[in-house]
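Engineer: To start, I am sharing the structure in question, which I have written as structure tokens.
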Amino acid sequence: MPVSITGTITGPEEARPARRSVTIGDVARQAGVTKTTVSRALNDRPDVHPNTRARISEIAERLGYVPSATARVLRTGRSYSLGLAWPSFNWSGILQIMGGISEALDQLGYRLMVFPLGRGEEAERDLVFQVMPSVQMDGLILIVPPSMLRHVGELNKHGVPVVLIDDRIEHRDHDFPSVGTTNVQGAFDATQHLLRLGRRRIAIITVPMDVGQNRLAGYRRALEEAGVPYREELVVPGAFLPETGRTATARLVASRVPFDAIFSSNDDMAFGALSALHTAGLLVPDDVAVVGFDDVKPSSYTVPGLTTVRQPLHEMGRAAARTVVAAVEGRPIEPHIEIPTTLVVRESCGVGLAGRPAGSGGLPE
């Protein structure tokens, strides 16, 4: 929550008064016009001559005039502030989404207020019933699992626009506008890429959440279309964190179940998989190819570079910000926006470091 600090600065010898804020009256006196004319000029009203508007704008900038946020709220009925709520900082992709949101809001003249929801449903309830009524916000962007949509519907009842960045778009069961991506198709493309390289025993590290199930569905569809059996023993659980990818991969290696590739349902778990394979003395991609999902920034810096499915996180953030601003301003919006994934091919699959063709490695049968 923004904090405003006022007061005096005390030096070693004397106390100096805080600098007085420049007012609209100061600008009016310098420009030789009324305060009403200044207000109309700074708000781009059509009844002010362009030359007068330009002169007032120059004087306001030179004096350091900052419009009163309170006056702006009273004049427009809007605070020009939007909220962003999400469950955890643990996911690497949150920074890319926040970057897209911030970029769009800056262009549109809105501020962003952030609300981590690490306490789960309790935090969601506090946001809806305590924070939102007490803080001036025009709308809200949410990145939450379906279990955290229990109380958010109350905001719609009070006319507060809510937009979800929703990775469950293929199986939507809510009424909020949302921005999502093609999880099933992205997982299909990743698995099909491995199959085309000759990999036939492809393990998957998945998660129980809906997004994980969507990606598992794409994996299964690619196997089915290629005529490759789906094997339960190659499906191992994770939790979208690097350590769970490392644990899942170590479990695969210890089980002695043959596998020649791993499709990880997100990049963070793929980082853990790369670590576990290195510890086990297996070469990537010679012995085991690895593909992730998200294309977070570190993916291009791993050794070898991680082949992954690019989830358009920055673009999703921008689209969500534009959508919620349009809703706040009463303009028509798309109820559901779907931005496609793309496969980004790097060195973690393909021809191995020793020059062996793809698919010639893996654990022995």
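Within each chain, counting starts at residue 1; across the structure tokens, chains are named A, B, ... in the order shown, with ligands numbered 1 upward in that order.
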Would you please extract all strand (DSSP E or B) residues from stretch 190-230 of chain A, as assigned by DSSP on the backbone, and give them as an mmCIF file with C-alpha atoms, in the first residue's frame?
Structural biologist:
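states-v6.cif was written with the following content:
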data_model
loop_
_atom_site.group_PDB
_atom_site.id
_atom_site.type_symbol
_atom_site.label_atom_id
_atom_site.label_comp_id
_atom_site.auth_asym_id
_atom_site.auth_seq_id
_atom_site.Cartn_x
_atom_site.Cartn_y
_atom_site.Cartn_z
ATOM 1 C CA ILE A 202 9.057 -39.719 -22.575
ATOM 2 C CA ALA A 203 8.483 -39.089 -18.880
ATOM 3 C CA ILE A 204 6.372 -36.163 -17.694
ATOM 4 C CA ILE A 205 6.631 -34.225 -14.430
ATOM 5 C CA THR A 206 3.164 -32.928 -13.758
#
Engineer: List every residue of stretch 290-329 of chain A that has an atom at most 12 Å from any atom of stretch 80-84 of chain A, giving for each one its closest atom pair and the distance in Å to one decimal, counting only C-alpha atoms, sorted by chain and then by ascending residue number, as CSV.
Structural biologist:
residue,atom,partner,partner_atom,distance
A:Gly317,CA,A:Leu84,CA,10.3
A:Ala320,CA,A:Leu84,CA,10.3
A:Ala321,CA,A:Leu82,CA,8.8
A:Arg322,CA,A:Leu82,CA,11.3
A:Thr323,CA,A:Leu82,CA,11.8
A:Val324,CA,A:Leu82,CA,8.5
A:Val325,CA,A:Leu82,CA,8.4
A:Ala327,CA,A:Leu82,CA,11.7
A:Val328,CA,A:Tyr80,CA,9.3
A:Glu329,CA,A:Tyr80,CA,10.2
Engineer: Between A:Ala28, A:Val184, A:Val128, A:Ala289, which is the closest to A:Val211 once you count only C-alpha atoms?
Structural biologist: A:Val184
